[in-house]
Amino acid sequence: MTDMWTLATLWLGLALVATLLSIWLRIATALSEIVVGTVAQLIMGALISGALLGTDQSWIKFLSGTGAIMLTFLAGAELDPDVFKLKWKEATGIGLAGFIAPFLGCAAVAYYVLHWGARASWLTGVALSTTSVAVVYAVMLEFGLNKTSFGKSVLAACFINDLGTVIALGLIFSPFTMRTMVFAVVSIVVFAVLPWLTPRFFKRYGGRPSELESKYLLLCLFGMGGLAVWAGSETVLPAYVIGMVLAGTVGKDHVLVRRLRTLTFGLLTPFYFIRAGSFVSVPALIAAPMVFIILLLAKMVTKFVAVYPTTKAFGTPKREGLYTTLLMSTGLTFGSISALFGLSHGIIDRTQYSYLVATVIGSAVVPTLIANAFYLPRHLLGKTEEEATAVAQISHVQGQSEKGAAYD
Amino acid sequence: MCKGSLKRGPLMISKILIAYDGSDPSKRAFDFGLDIASKYSAELLVLSVVRLPEPAVDVETESLVESGGEYYKEQFAELREKAASLGITPRFEVAVGHPAEQIIDRAEEENVDLIVMGHRGKTFVERWLLGSVSKRVLSYAHCAVTIVR
């Protein structure tokens with residue numbers, strides 16, 4: 001027992017360090033947790049023992065898995081069902097394009113260029129097919145596009161894109177047996193009943209200190225997750241769909257969502273992301289960095305080819321369309337979940353896992369770094385290149401002449 | 001330190017934007033802007049920006065937008081009282097995104113004559129990773145900018 005509490009202390013210590021880093025550097029907590037996990041494993045492996053973190057202990061696996069389930073459930077619950085009902089045709093079109101092109105393109109690159117096995121290549125396609133709803137949402141907020149017809153369509157499309165990813169992850173690698181049929185039938189019934197039952201159940205018994213709502217939701221998520229694993233699928237598939245079908249009820253209960261976030265971010269997701277990071281092999285990444293670059297390029301090119309023409313088809317202004325497309329990066333959540341699924345099921349090895357996680361992080365971080373390094377206010381992006389450069393130079397000279405360049 | 005616009009004629013201050021993030025320098029910037037607004041009888045817009053972590057991540061982003069908005073609403077209540085004592089009724093807004101981008105954009109949209117903001121000292125690493133807000137506003141704003149130390 002002493003070992004368990006000592007190990008828990010170590011993990012929570014790492015989680016605290018990761019959180020402090022995310023605050024100081026203003027980076028996403030998930031990113032800092034992955035990096036802290038990687039560095040901690042590297043240092044402990046070199047100095048003490050590679051098994052010190054105890055990543056294979058059952059209780060750590062449970063907390064980590066529950067973190068992934070809760071995170072995908074909450075991500076699904078952020079869907080706006082009213083917008084989706086209104087824009088489902090456009091959302092489905094953009095979402096499927098955003099999923100299929102990188103899925104097939106990245107799988108082909110892994111198979112034909114990197115000469116990975118067929119199953120590893122398919123998993124590469126799945127892991128790199130996602131689109132970060134959060135990144136697109138942030139861009140929409142910045143541009144004020146979240147209230148426009150285009151913005152709503154693209155945001156809803158991201159959910160379809162991620163739904164494609166979790167369905168592919170849940171079905172491609174599972175054998176199609178009687179169990180799959182049972183899982184499919186039970187899922188359809190549960191997904192249909194939950195939106196009707198849940199609000200009525202909560203209204204009758206909820207709103208008490210006993211946290212009935214949390215217990216009920218965890219029961220549904222664990223039950224469907226268990227059934228999915230029994231059928232050879234993945235727990236996040238039902239979790240994401242349950243989140244989506246309950247988005248109009250549970251998703252709108254801000255107090256409940258906040259309590260679930262506290263549970264998720266406070267205890268569960270640090271175990272998930274630190275564990276995911278601890279499996280990344282830095283020596284493998286250093287040994288062949290070109291693999292990472294090839295996968296990153298494949299991801300960005302296929303996403304661009306699929307999404308940009310679609311945004312044009314919707315009559316989106318060029319700069320908004322371009323910016324949105326460029327920032328349709330891989331989500332850390334679904335990208336890392338797919339990669340970890342592949343590693344834990346023996347579909348990919350640790351080296352391939354390291355490249356996939358690095359690519360997932362890279363596709364999220366590189367556009368941000370580029371945007372920061374070559375910063376130009378977006379009101380200049382619409383001008384011609386010459387005009388923009390001239391205005392930027394004049395402004396820069398003015399700033400320099402006023403000693404303004406010295407400020408923070 | 002102040003940078004005046006070279007494109008316009010005499011500097012007339014009829015609308016001021018104060019960038020406010022709840023820090024001590026931004027509180028000083030608010031007091032300074034309030035004083036100028038009172039002297040010039042200028043319209044006052046207080047802008048706060050919720051900066052998201054990079055890259056934005058599922059669930060955490062929505063959580064930050066909500067908590068950031070609530071934090072600034074509480075802050076605005078105090079500022080509103082302070083301004084009312086001088087007979088000024090500012091407008092308060094919360095934007096989401098990169099602070100410099102939002103400040104520059106809002107200043108242009110509102111056609112303000114002066115941006116007032118605080119100065120926050122940052123380490124080299126913070127500057128490299130995040131960029132300097134005041135430097136960017138100073139470089140790209142269409143109007144005069146005052147950085148309050």
# chains A, B, ... in the order shown; residues from 1 in each chain; ligands from 1

call {"tool": "select_by_dssp", "arguments": {"residues": "stretch 26-149 of chain B", "states": "strand (DSSP E)", "output": "MDAnalysis selection string"}}
result
chainID B and resid 43:50 91:96 114:118 144:148

call {"tool": "closest_atom_pairs", "arguments": {"of": "stretch 12-46 of chain B", "to": "stretch 75-92 of chain B", "cutoff": "10 Å", "atoms": "only C-alpha atoms", "output": "JSON lines"}}
result
{"residue": "B:Ile16", "atom": "CA", "partner": "B:Pro90", "partner_atom": "CA", "distance": 9.7}
{"residue": "B:Leu17", "atom": "CA", "partner": "B:Arg91", "partner_atom": "CA", "distance": 9.5}
{"residue": "B:Ile18", "atom": "CA", "partner": "B:Phe92", "partner_atom": "CA", "distance": 9.6}
{"residue": "B:Tyr20", "atom": "CA", "partner": "B:Gln75", "partner_atom": "CA", "distance": 9.5}
{"residue": "B:Asp21", "atom": "CA", "partner": "B:Gln75", "partner_atom": "CA", "distance": 9.1}
{"residue": "B:Gly22", "atom": "CA", "partner": "B:Gln75", "partner_atom": "CA", "distance": 7.0}
{"residue": "B:Lys27", "atom": "CA", "partner": "B:Leu79", "partner_atom": "CA", "distance": 9.0}
{"residue": "B:Phe30", "atom": "CA", "partner": "B:Leu79", "partner_atom": "CA", "distance": 8.3}
{"residue": "B:Asp31", "atom": "CA", "partner": "B:Lys82", "partner_atom": "CA", "distance": 8.9}
{"residue": "B:Leu34", "atom": "CA", "partner": "B:Ala83", "partner_atom": "CA", "distance": 6.9}
{"residue": "B:Asp35", "atom": "CA", "partner": "B:Leu86", "partner_atom": "CA", "distance": 8.7}
{"residue": "B:Ala37", "atom": "CA", "partner": "B:Ile88", "partner_atom": "CA", "distance": 8.0}
{"residue": "B:Ser38", "atom": "CA", "partner": "B:Leu86", "partner_atom": "CA", "distance": 7.0}
{"residue": "B:Ser41", "atom": "CA", "partner": "B:Ile88", "partner_atom": "CA", "distance": 8.5}
{"residue": "B:Ala42", "atom": "CA", "partner": "B:Ile88", "partner_atom": "CA", "distance": 8.9}
{"residue": "B:Glu43", "atom": "CA", "partner": "B:Pro90", "partner_atom": "CA", "distance": 7.0}
{"residue": "B:Leu44", "atom": "CA", "partner": "B:Pro90", "partner_atom": "CA", "distance": 4.8}
{"residue": "B:Leu45", "atom": "CA", "partner": "B:Arg91", "partner_atom": "CA", "distance": 4.8}
{"residue": "B:Val46", "atom": "CA", "partner": "B:Phe92", "partner_atom": "CA", "distance": 4.8}

call {"tool": "write_last_selection", "arguments": {"atoms": "all heavy atoms", "output": "compact mmCIF listing (two decimals), in the first residue's frame"}}
result
# COMPACT_ATOMS: atom_id res chain seq x y z
N ILE B 16 -11.28 56.67 -26.04
CA ILE B 16 -10.09 56.00 -25.48
C ILE B 16 -10.40 54.51 -25.26
O ILE B 16 -11.49 54.16 -24.80
CB ILE B 16 -9.70 56.62 -24.12
CG1 ILE B 16 -9.37 58.11 -24.30
CG2 ILE B 16 -8.52 55.89 -23.49
CD1 ILE B 16 -9.21 58.86 -22.98
N LEU B 17 -9.42 53.68 -25.61
CA LEU B 17 -9.55 52.24 -25.31
C LEU B 17 -8.53 51.90 -24.24
O LEU B 17 -7.34 52.17 -24.40
CB LEU B 17 -9.31 51.40 -26.56
CG LEU B 17 -9.49 49.88 -26.44
CD1 LEU B 17 -9.88 49.29 -27.79
CD2 LEU B 17 -8.27 49.16 -25.92
N ILE B 18 -9.01 51.34 -23.14
CA ILE B 18 -8.09 50.88 -22.10
C ILE B 18 -8.03 49.36 -22.14
O ILE B 18 -9.07 48.69 -22.07
CB ILE B 18 -8.55 51.33 -20.69
CG1 ILE B 18 -8.61 52.86 -20.62
CG2 ILE B 18 -7.61 50.79 -19.62
CD1 ILE B 18 -9.19 53.39 -19.32
N TYR B 20 -7.32 46.09 -20.36
CA TYR B 20 -7.34 45.75 -18.93
C TYR B 20 -7.25 44.24 -18.73
O TYR B 20 -8.05 43.49 -19.31
CB TYR B 20 -8.63 46.29 -18.30
CG TYR B 20 -8.71 46.08 -16.81
CD1 TYR B 20 -8.11 46.98 -15.94
CD2 TYR B 20 -9.38 44.99 -16.28
CE1 TYR B 20 -8.17 46.78 -14.56
CE2 TYR B 20 -9.44 44.77 -14.92
CZ TYR B 20 -8.85 45.68 -14.06
OH TYR B 20 -8.90 45.47 -12.71
N ASP B 21 -6.27 43.80 -17.94
CA ASP B 21 -6.17 42.35 -17.69
C ASP B 21 -6.20 42.00 -16.20
O ASP B 21 -5.94 40.86 -15.82
CB ASP B 21 -4.90 41.78 -18.35
CG ASP B 21 -3.63 42.31 -17.72
OD1 ASP B 21 -3.71 43.12 -16.77
OD2 ASP B 21 -2.54 41.92 -18.18
N GLY B 22 -6.52 42.98 -15.37
CA GLY B 22 -6.64 42.71 -13.93
C GLY B 22 -5.33 42.82 -13.19
O GLY B 22 -5.31 42.74 -11.96
N LYS B 27 -4.31 48.13 -13.84
CA LYS B 27 -5.13 48.96 -12.94
C LYS B 27 -4.64 50.41 -12.99
O LYS B 27 -5.44 51.36 -12.99
CB LYS B 27 -5.06 48.43 -11.51
CG LYS B 27 -5.92 47.18 -11.32
CD LYS B 27 -5.80 46.60 -9.93
CE LYS B 27 -6.66 45.33 -9.85
NZ LYS B 27 -6.36 44.51 -8.71
N PHE B 30 -5.80 51.86 -16.14
CA PHE B 30 -7.22 52.24 -16.06
C PHE B 30 -7.36 53.61 -15.40
O PHE B 30 -8.09 54.48 -15.89
CB PHE B 30 -8.01 51.19 -15.29
CG PHE B 30 -9.47 51.53 -15.15
CD1 PHE B 30 -10.35 51.36 -16.21
CD2 PHE B 30 -9.96 52.06 -13.96
CE1 PHE B 30 -11.69 51.70 -16.09
CE2 PHE B 30 -11.29 52.41 -13.83
CZ PHE B 30 -12.17 52.23 -14.90
N ASP B 31 -6.64 53.80 -14.26
CA ASP B 31 -6.70 55.09 -13.56
C ASP B 31 -6.24 56.22 -14.47
O ASP B 31 -6.84 57.30 -14.50
CB ASP B 31 -5.82 55.04 -12.30
CG ASP B 31 -6.41 54.09 -11.25
OD1 ASP B 31 -7.62 53.79 -11.35
OD2 ASP B 31 -5.66 53.65 -10.37
N LEU B 34 -8.77 56.82 -17.19
CA LEU B 34 -9.96 57.46 -16.59
C LEU B 34 -9.72 58.95 -16.42
O LEU B 34 -10.59 59.79 -16.71
CB LEU B 34 -10.23 56.81 -15.23
CG LEU B 34 -11.64 56.84 -14.67
CD1 LEU B 34 -12.62 56.19 -15.63
CD2 LEU B 34 -11.68 56.13 -13.32
N ASP B 35 -8.53 59.28 -15.96
CA ASP B 35 -8.15 60.68 -15.74
C ASP B 35 -8.19 61.46 -17.06
O ASP B 35 -8.76 62.55 -17.13
CB ASP B 35 -6.75 60.71 -15.12
CG ASP B 35 -6.36 62.11 -14.70
OD1 ASP B 35 -7.22 62.80 -14.12
OD2 ASP B 35 -5.21 62.51 -14.98
N ALA B 37 -9.81 60.58 -19.80
CA ALA B 37 -11.19 60.60 -20.30
C ALA B 37 -11.99 61.70 -19.60
O ALA B 37 -12.79 62.41 -20.22
CB ALA B 37 -11.85 59.25 -20.06
N SER B 38 -11.73 61.85 -18.30
CA SER B 38 -12.44 62.88 -17.55
C SER B 38 -12.04 64.28 -18.02
O SER B 38 -12.88 65.16 -18.16
CB SER B 38 -12.14 62.64 -16.07
OG SER B 38 -12.02 63.80 -15.37
N SER B 41 -13.33 64.70 -21.63
CA SER B 41 -14.73 64.27 -21.80
C SER B 41 -14.81 63.22 -22.92
O SER B 41 -15.71 63.28 -23.78
CB SER B 41 -15.64 65.44 -22.15
OG SER B 41 -15.56 66.43 -21.16
N ALA B 42 -13.87 62.31 -22.86
CA ALA B 42 -13.80 61.30 -23.93
C ALA B 42 -14.64 60.07 -23.59
O ALA B 42 -14.86 59.76 -22.41
CB ALA B 42 -12.35 60.88 -24.15
N GLU B 43 -15.07 59.41 -24.64
CA GLU B 43 -15.78 58.14 -24.48
C GLU B 43 -14.76 57.08 -24.10
O GLU B 43 -13.62 57.11 -24.57
CB GLU B 43 -16.41 57.79 -25.84
CG GLU B 43 -17.51 56.78 -25.78
CD GLU B 43 -18.02 56.46 -27.18
OE1 GLU B 43 -18.12 57.39 -28.02
OE2 GLU B 43 -18.27 55.29 -27.44
N LEU B 44 -15.18 56.13 -23.24
CA LEU B 44 -14.20 55.15 -22.73
C LEU B 44 -14.66 53.72 -23.03
O LEU B 44 -15.79 53.35 -22.74
CB LEU B 44 -14.08 55.34 -21.22
CG LEU B 44 -12.84 54.79 -20.55
CD1 LEU B 44 -11.57 55.37 -21.13
CD2 LEU B 44 -12.89 55.09 -19.05
N LEU B 45 -13.74 52.97 -23.60
CA LEU B 45 -14.01 51.55 -23.84
C LEU B 45 -12.95 50.73 -23.11
O LEU B 45 -11.76 50.95 -23.30
CB LEU B 45 -13.95 51.25 -25.35
CG LEU B 45 -13.94 49.78 -25.76
CD1 LEU B 45 -15.24 49.08 -25.38
CD2 LEU B 45 -13.71 49.63 -27.26
N VAL B 46 -13.39 49.84 -22.23
CA VAL B 46 -12.44 48.98 -21.50
C VAL B 46 -12.51 47.59 -22.12
O VAL B 46 -13.58 46.97 -22.17
CB VAL B 46 -12.78 48.92 -20.00
CG1 VAL B 46 -11.80 48.02 -19.26
CG2 VAL B 46 -12.79 50.31 -19.39

call {"tool": "atom_distance", "arguments": {"atom1": "atom CA of A:Leu10", "atom2": "atom CA of A:Glu234"}}
result
28.6 Å

call {"tool": "closest_residue", "arguments": {"among": "B:Val59, B:Ala19, B:Val96, B:Leu114", "to": "B:Ser134", "atoms": "only C-alpha atoms"}}
result
B:Ala19

call {"tool": "interface_residues", "arguments": {"of": "chain B", "to": "chain A", "cutoff": "6 Å", "atoms": "only C-alpha atoms", "output": "list in words"}}
result
Pro53, Glu54, Pro55, Ala56, Val57, Asp58, Val59, Val96, Gly97, Glu101, Arg120, Gly121, Lys122, Ser132, Lys135, Leu138, Ser139 and Tyr140 of chain B

call {"tool": "select_by_dssp", "arguments": {"residues": "stretch 18-130 of chain B", "states": "alpha helix (DSSP H)", "output": "CSV table (one decimal) with N, CA and C atoms, in the first residue's frame"}}
result
chain,number,residue,atom,x,y,z
B,24,ASP,N,-1.8,44.7,-11.8
B,24,ASP,CA,-1.5,46.0,-11.2
B,24,ASP,C,-1.2,47.1,-12.3
B,25,PRO,N,-0.3,46.7,-13.2
B,25,PRO,CA,0.0,47.8,-14.3
B,25,PRO,C,-1.3,48.1,-15.1
B,26,SER,N,-2.2,47.2,-15.3
B,26,SER,CA,-3.4,47.5,-16.0
B,26,SER,C,-4.4,48.3,-15.2
B,27,LYS,N,-4.3,48.1,-13.8
B,27,LYS,CA,-5.1,49.0,-12.9
B,27,LYS,C,-4.6,50.4,-13.0
B,28,ARG,N,-3.3,50.6,-13.0
B,28,ARG,CA,-2.7,51.9,-13.2
B,28,ARG,C,-3.1,52.5,-14.5
B,29,ALA,N,-3.1,51.7,-15.5
B,29,ALA,CA,-3.5,52.1,-16.9
B,29,ALA,C,-5.0,52.6,-16.9
B,30,PHE,N,-5.8,51.9,-16.1
B,30,PHE,CA,-7.2,52.2,-16.1
B,30,PHE,C,-7.4,53.6,-15.4
B,31,ASP,N,-6.6,53.8,-14.3
B,31,ASP,CA,-6.7,55.1,-13.6
B,31,ASP,C,-6.2,56.2,-14.5
B,32,PHE,N,-5.1,56.0,-15.2
B,32,PHE,CA,-4.6,57.0,-16.1
B,32,PHE,C,-5.6,57.3,-17.2
B,33,GLY,N,-6.2,56.3,-17.8
B,33,GLY,CA,-7.1,56.5,-18.9
B,33,GLY,C,-8.4,57.2,-18.4
B,34,LEU,N,-8.8,56.8,-17.2
B,34,LEU,CA,-10.0,57.5,-16.6
B,34,LEU,C,-9.7,59.0,-16.4
B,35,ASP,N,-8.5,59.3,-16.0
B,35,ASP,CA,-8.2,60.7,-15.7
B,35,ASP,C,-8.2,61.5,-17.1
B,36,ILE,N,-7.6,60.8,-18.1
B,36,ILE,CA,-7.6,61.5,-19.4
B,36,ILE,C,-9.0,61.7,-19.9
B,37,ALA,N,-9.8,60.6,-19.8
B,37,ALA,CA,-11.2,60.6,-20.3
B,37,ALA,C,-12.0,61.7,-19.6
B,38,SER,N,-11.7,61.9,-18.3
B,38,SER,CA,-12.4,62.9,-17.5
B,38,SER,C,-12.0,64.3,-18.0
B,39,LYS,N,-10.7,64.5,-18.3
B,39,LYS,CA,-10.3,65.8,-18.7
B,39,LYS,C,-10.7,66.2,-20.1
B,40,TYR,N,-10.8,65.2,-21.0
B,40,TYR,CA,-11.1,65.4,-22.4
B,40,TYR,C,-12.6,65.1,-22.7
B,60,GLU,N,-10.8,22.1,-22.3
B,60,GLU,CA,-10.0,23.1,-21.5
B,60,GLU,C,-10.3,24.5,-22.1
B,61,THR,N,-10.4,24.6,-23.4
B,61,THR,CA,-10.7,25.9,-24.1
B,61,THR,C,-12.0,26.5,-23.7
B,62,GLU,N,-13.1,25.7,-23.8
B,62,GLU,CA,-14.4,26.1,-23.4
B,62,GLU,C,-14.4,26.5,-21.9
B,63,SER,N,-13.7,25.8,-21.1
B,63,SER,CA,-13.7,26.1,-19.7
B,63,SER,C,-13.0,27.4,-19.4
B,64,LEU,N,-11.9,27.7,-20.2
B,64,LEU,CA,-11.2,29.0,-20.0
B,64,LEU,C,-12.0,30.1,-20.5
B,65,VAL,N,-12.7,30.0,-21.6
B,65,VAL,CA,-13.6,31.1,-22.1
B,65,VAL,C,-14.6,31.4,-21.1
B,66,GLU,N,-15.2,30.4,-20.5
B,66,GLU,CA,-16.3,30.6,-19.5
B,66,GLU,C,-15.7,31.3,-18.2
B,67,SER,N,-14.6,30.7,-17.7
B,67,SER,CA,-14.1,31.3,-16.4
B,67,SER,C,-13.5,32.6,-16.6
B,68,GLY,N,-12.9,32.9,-17.8
B,68,GLY,CA,-12.3,34.2,-18.1
B,68,GLY,C,-13.3,35.2,-18.2
B,69,GLY,N,-14.4,34.9,-18.8
B,69,GLY,CA,-15.5,35.9,-18.9
B,69,GLY,C,-16.1,36.3,-17.6
B,70,GLU,N,-16.2,35.3,-16.7
B,70,GLU,CA,-16.8,35.5,-15.4
B,70,GLU,C,-15.8,36.3,-14.5
B,71,TYR,N,-14.5,36.0,-14.7
B,71,TYR,CA,-13.5,36.8,-13.9
B,71,TYR,C,-13.6,38.3,-14.2
B,72,TYR,N,-13.6,38.5,-15.5
B,72,TYR,CA,-13.6,40.0,-16.0
B,72,TYR,C,-14.9,40.7,-15.6
B,73,LYS,N,-16.0,39.9,-15.6
B,73,LYS,CA,-17.3,40.6,-15.2
B,73,LYS,C,-17.2,41.1,-13.7
B,74,GLU,N,-16.6,40.3,-12.9
B,74,GLU,CA,-16.4,40.7,-11.5
B,74,GLU,C,-15.5,41.9,-11.4
B,75,GLN,N,-14.4,41.9,-12.2
B,75,GLN,CA,-13.5,43.0,-12.2
B,75,GLN,C,-14.2,44.3,-12.7
B,76,PHE,N,-15.0,44.1,-13.7
B,76,PHE,CA,-15.7,45.3,-14.3
B,76,PHE,C,-16.6,46.0,-13.3
B,77,ALA,N,-17.2,45.2,-12.4
B,77,ALA,CA,-18.1,45.8,-11.4
B,77,ALA,C,-17.3,46.9,-10.6
B,78,GLU,N,-16.1,46.5,-10.2
B,78,GLU,CA,-15.3,47.5,-9.4
B,78,GLU,C,-14.9,48.7,-10.3
B,79,LEU,N,-14.5,48.5,-11.5
B,79,LEU,CA,-14.1,49.6,-12.4
B,79,LEU,C,-15.3,50.5,-12.7
B,80,ARG,N,-16.5,49.9,-12.8
B,80,ARG,CA,-17.6,50.7,-13.1
B,80,ARG,C,-17.9,51.7,-12.0
B,81,GLU,N,-17.8,51.2,-10.8
B,81,GLU,CA,-18.0,52.1,-9.6
B,81,GLU,C,-17.0,53.2,-9.6
B,82,LYS,N,-15.8,52.9,-9.9
B,82,LYS,CA,-14.7,53.9,-9.8
B,82,LYS,C,-15.0,55.0,-10.9
B,83,ALA,N,-15.4,54.5,-12.1
B,83,ALA,CA,-15.6,55.4,-13.2
B,83,ALA,C,-16.9,56.3,-12.9
B,84,ALA,N,-17.8,55.7,-12.2
B,84,ALA,CA,-19.1,56.4,-11.9
B,84,ALA,C,-18.8,57.6,-11.0
B,99,PRO,N,-4.1,38.9,-27.2
B,99,PRO,CA,-4.4,40.2,-26.7
B,99,PRO,C,-4.0,41.4,-27.7
B,100,ALA,N,-2.8,41.3,-28.3
B,100,ALA,CA,-2.4,42.4,-29.2
B,100,ALA,C,-3.3,42.5,-30.4
B,101,GLU,N,-3.6,41.4,-31.0
B,101,GLU,CA,-4.5,41.3,-32.1
B,101,GLU,C,-5.9,41.9,-31.8
B,102,GLN,N,-6.4,41.5,-30.7
B,102,GLN,CA,-7.8,42.0,-30.3
B,102,GLN,C,-7.8,43.5,-30.0
B,103,ILE,N,-6.7,43.9,-29.3
B,103,ILE,CA,-6.7,45.4,-29.0
B,103,ILE,C,-6.6,46.2,-30.2
B,104,ILE,N,-5.7,45.8,-31.1
B,104,ILE,CA,-5.5,46.6,-32.4
B,104,ILE,C,-6.8,46.6,-33.2
B,105,ASP,N,-7.4,45.4,-33.3
B,105,ASP,CA,-8.6,45.3,-34.1
B,105,ASP,C,-9.7,46.1,-33.6
B,106,ARG,N,-9.9,46.0,-32.3
B,106,ARG,CA,-11.0,46.7,-31.6
B,106,ARG,C,-10.8,48.2,-31.7
B,107,ALA,N,-9.6,48.6,-31.6
B,107,ALA,CA,-9.2,50.1,-31.7
B,107,ALA,C,-9.6,50.6,-33.0
B,108,GLU,N,-9.3,49.8,-34.1
B,108,GLU,CA,-9.6,50.2,-35.4
B,108,GLU,C,-11.1,50.3,-35.7
B,109,GLU,N,-11.8,49.2,-35.3
B,109,GLU,CA,-13.2,49.1,-35.5
B,109,GLU,C,-13.9,50.3,-34.8
B,110,GLU,N,-13.5,50.6,-33.6
B,110,GLU,CA,-14.1,51.7,-32.8
B,110,GLU,C,-13.6,53.1,-33.2
B,124,PHE,N,12.8,36.5,-20.8
B,124,PHE,CA,13.2,36.3,-22.2
B,124,PHE,C,12.4,35.1,-22.8
B,125,VAL,N,12.2,34.1,-22.0
B,125,VAL,CA,11.5,32.9,-22.5
B,125,VAL,C,10.1,33.2,-22.8
B,126,GLU,N,9.4,34.0,-21.9
B,126,GLU,CA,8.0,34.4,-22.1
B,126,GLU,C,7.9,35.3,-23.4
B,127,ARG,N,8.9,36.2,-23.5
B,127,ARG,CA,8.8,37.0,-24.7
B,127,ARG,C,8.9,36.2,-26.0
B,128,TRP,N,9.9,35.2,-25.9
B,128,TRP,CA,10.1,34.4,-27.1
B,128,TRP,C,8.9,33.5,-27.5
B,129,LEU,N,8.3,33.0,-26.4
B,129,LEU,CA,7.2,32.1,-26.7
B,129,LEU,C,5.9,32.8,-26.9
B,130,LEU,N,5.7,33.9,-26.3
B,130,LEU,CA,4.4,34.5,-26.3
B,130,LEU,C,4.4,35.8,-27.1

call {"tool": "atom_distance", "arguments": {"atom1": "atom CA of A:Leu263", "atom2": "atom CA of A:Met70"}}
result
9.0 Å

call {"tool": "closest_residue", "arguments": {"among": "A:Phe201, A:Phe173, A:Trp116, A:Phe191", "to": "A:Gln352", "atoms": "only C-alpha atoms"}}
result
A:Trp116

call {"tool": "atom_distance", "arguments": {"atom1": "atom CA of B:Val49", "atom2": "atom CA of B:Glu93"}}
result
8.4 Å

call {"tool": "residues_around", "arguments": {"residues": "A:Leu128", "least_positions_apart": "2", "cutoff": "8 Å", "atoms": "only C-alpha atoms", "output": "list in words"}}
result
Pro102, Phe103, Cys106, Thr124, Gly125, Val126, Thr130, Lys299, Thr330, Gly335, Leu356 and Val360 of chain A

call {"tool": "write_last_selection", "arguments": {"atoms": "N, CA and C atoms", "output": "compact mmCIF listing (two decimals), in the first residue's frame"}}
result
# COMPACT_ATOMS: atom_id res chain seq x y z
N PRO A 102 -7.16 13.04 -44.94
CA PRO A 102 -5.97 12.71 -44.14
C PRO A 102 -5.93 11.24 -43.73
N PHE A 103 -7.10 10.65 -43.52
CA PHE A 103 -7.13 9.23 -43.12
C PHE A 103 -6.49 8.37 -44.20
N CYS A 106 -2.62 9.84 -45.13
CA CYS A 106 -1.57 9.53 -44.15
C CYS A 106 -1.33 8.02 -44.06
N THR A 124 -2.11 4.89 -38.38
CA THR A 124 -1.54 6.22 -38.64
C THR A 124 -2.59 7.12 -39.27
N GLY A 125 -3.32 6.57 -40.23
CA GLY A 125 -4.40 7.33 -40.87
C GLY A 125 -5.44 7.79 -39.87
N VAL A 126 -5.81 6.89 -38.96
CA VAL A 126 -6.82 7.24 -37.95
C VAL A 126 -6.29 8.34 -37.02
N THR A 130 -7.84 13.32 -37.27
CA THR A 130 -8.69 14.16 -36.42
C THR A 130 -8.47 15.65 -36.68
N LYS A 299 0.09 15.00 -43.11
CA LYS A 299 -1.10 15.44 -42.36
C LYS A 299 -1.57 16.82 -42.85
N THR A 330 -4.24 18.55 -35.80
CA THR A 330 -4.68 17.34 -35.11
C THR A 330 -4.96 17.65 -33.65
N GLY A 335 -5.93 12.37 -31.20
CA GLY A 335 -4.68 11.89 -31.80
C GLY A 335 -3.92 10.99 -30.85
N LEU A 356 4.08 9.05 -34.04
CA LEU A 356 2.69 9.51 -34.15
C LEU A 356 2.39 10.60 -33.12
N VAL A 360 1.35 14.40 -33.86
CA VAL A 360 0.12 14.99 -33.31
C VAL A 360 0.46 16.31 -32.61

call {"tool": "closest_residue", "arguments": {"among": "A:Leu218, A:Leu12, A:Leu155, A:Ile160", "to": "A:Phe99", "atoms": "only C-alpha atoms"}}
result
A:Ile160

call {"tool": "residues_around", "arguments": {"residues": "stretch 219-223 of chain A", "least_positions_apart": "4", "cutoff": "9 Å", "atoms": "only C-alpha atoms", "output": "PyMOL selection string"}}
result
chain A and resi 66+69-70+73+190+214-215+227-228+235-236+238-239+242

call {"tool": "residues_around", "arguments": {"residues": "stretch 85-89 of chain A", "least_positions_apart": "3", "cutoff": "8 Å", "atoms": "only C-alpha atoms", "output": "ChimeraX atom specification"}}
result
/A:81-82,92-93,152-153,156

call {"tool": "closest_residue", "arguments": {"among": "B:Met117, B:Val50, B:Val137, B:Ile13", "to": "B:Arg149", "atoms": "only C-alpha atoms"}}
result
B:Met117

call {"tool": "residues_around", "arguments": {"residues": "stretch 275-291 of chain A", "least_positions_apart": "5", "cutoff": "7 Å", "atoms": "only C-alpha atoms", "output": "PyMOL selection string"}}
result
chain A and resi 34-35+37-38+41+55+340+350-351+353-355
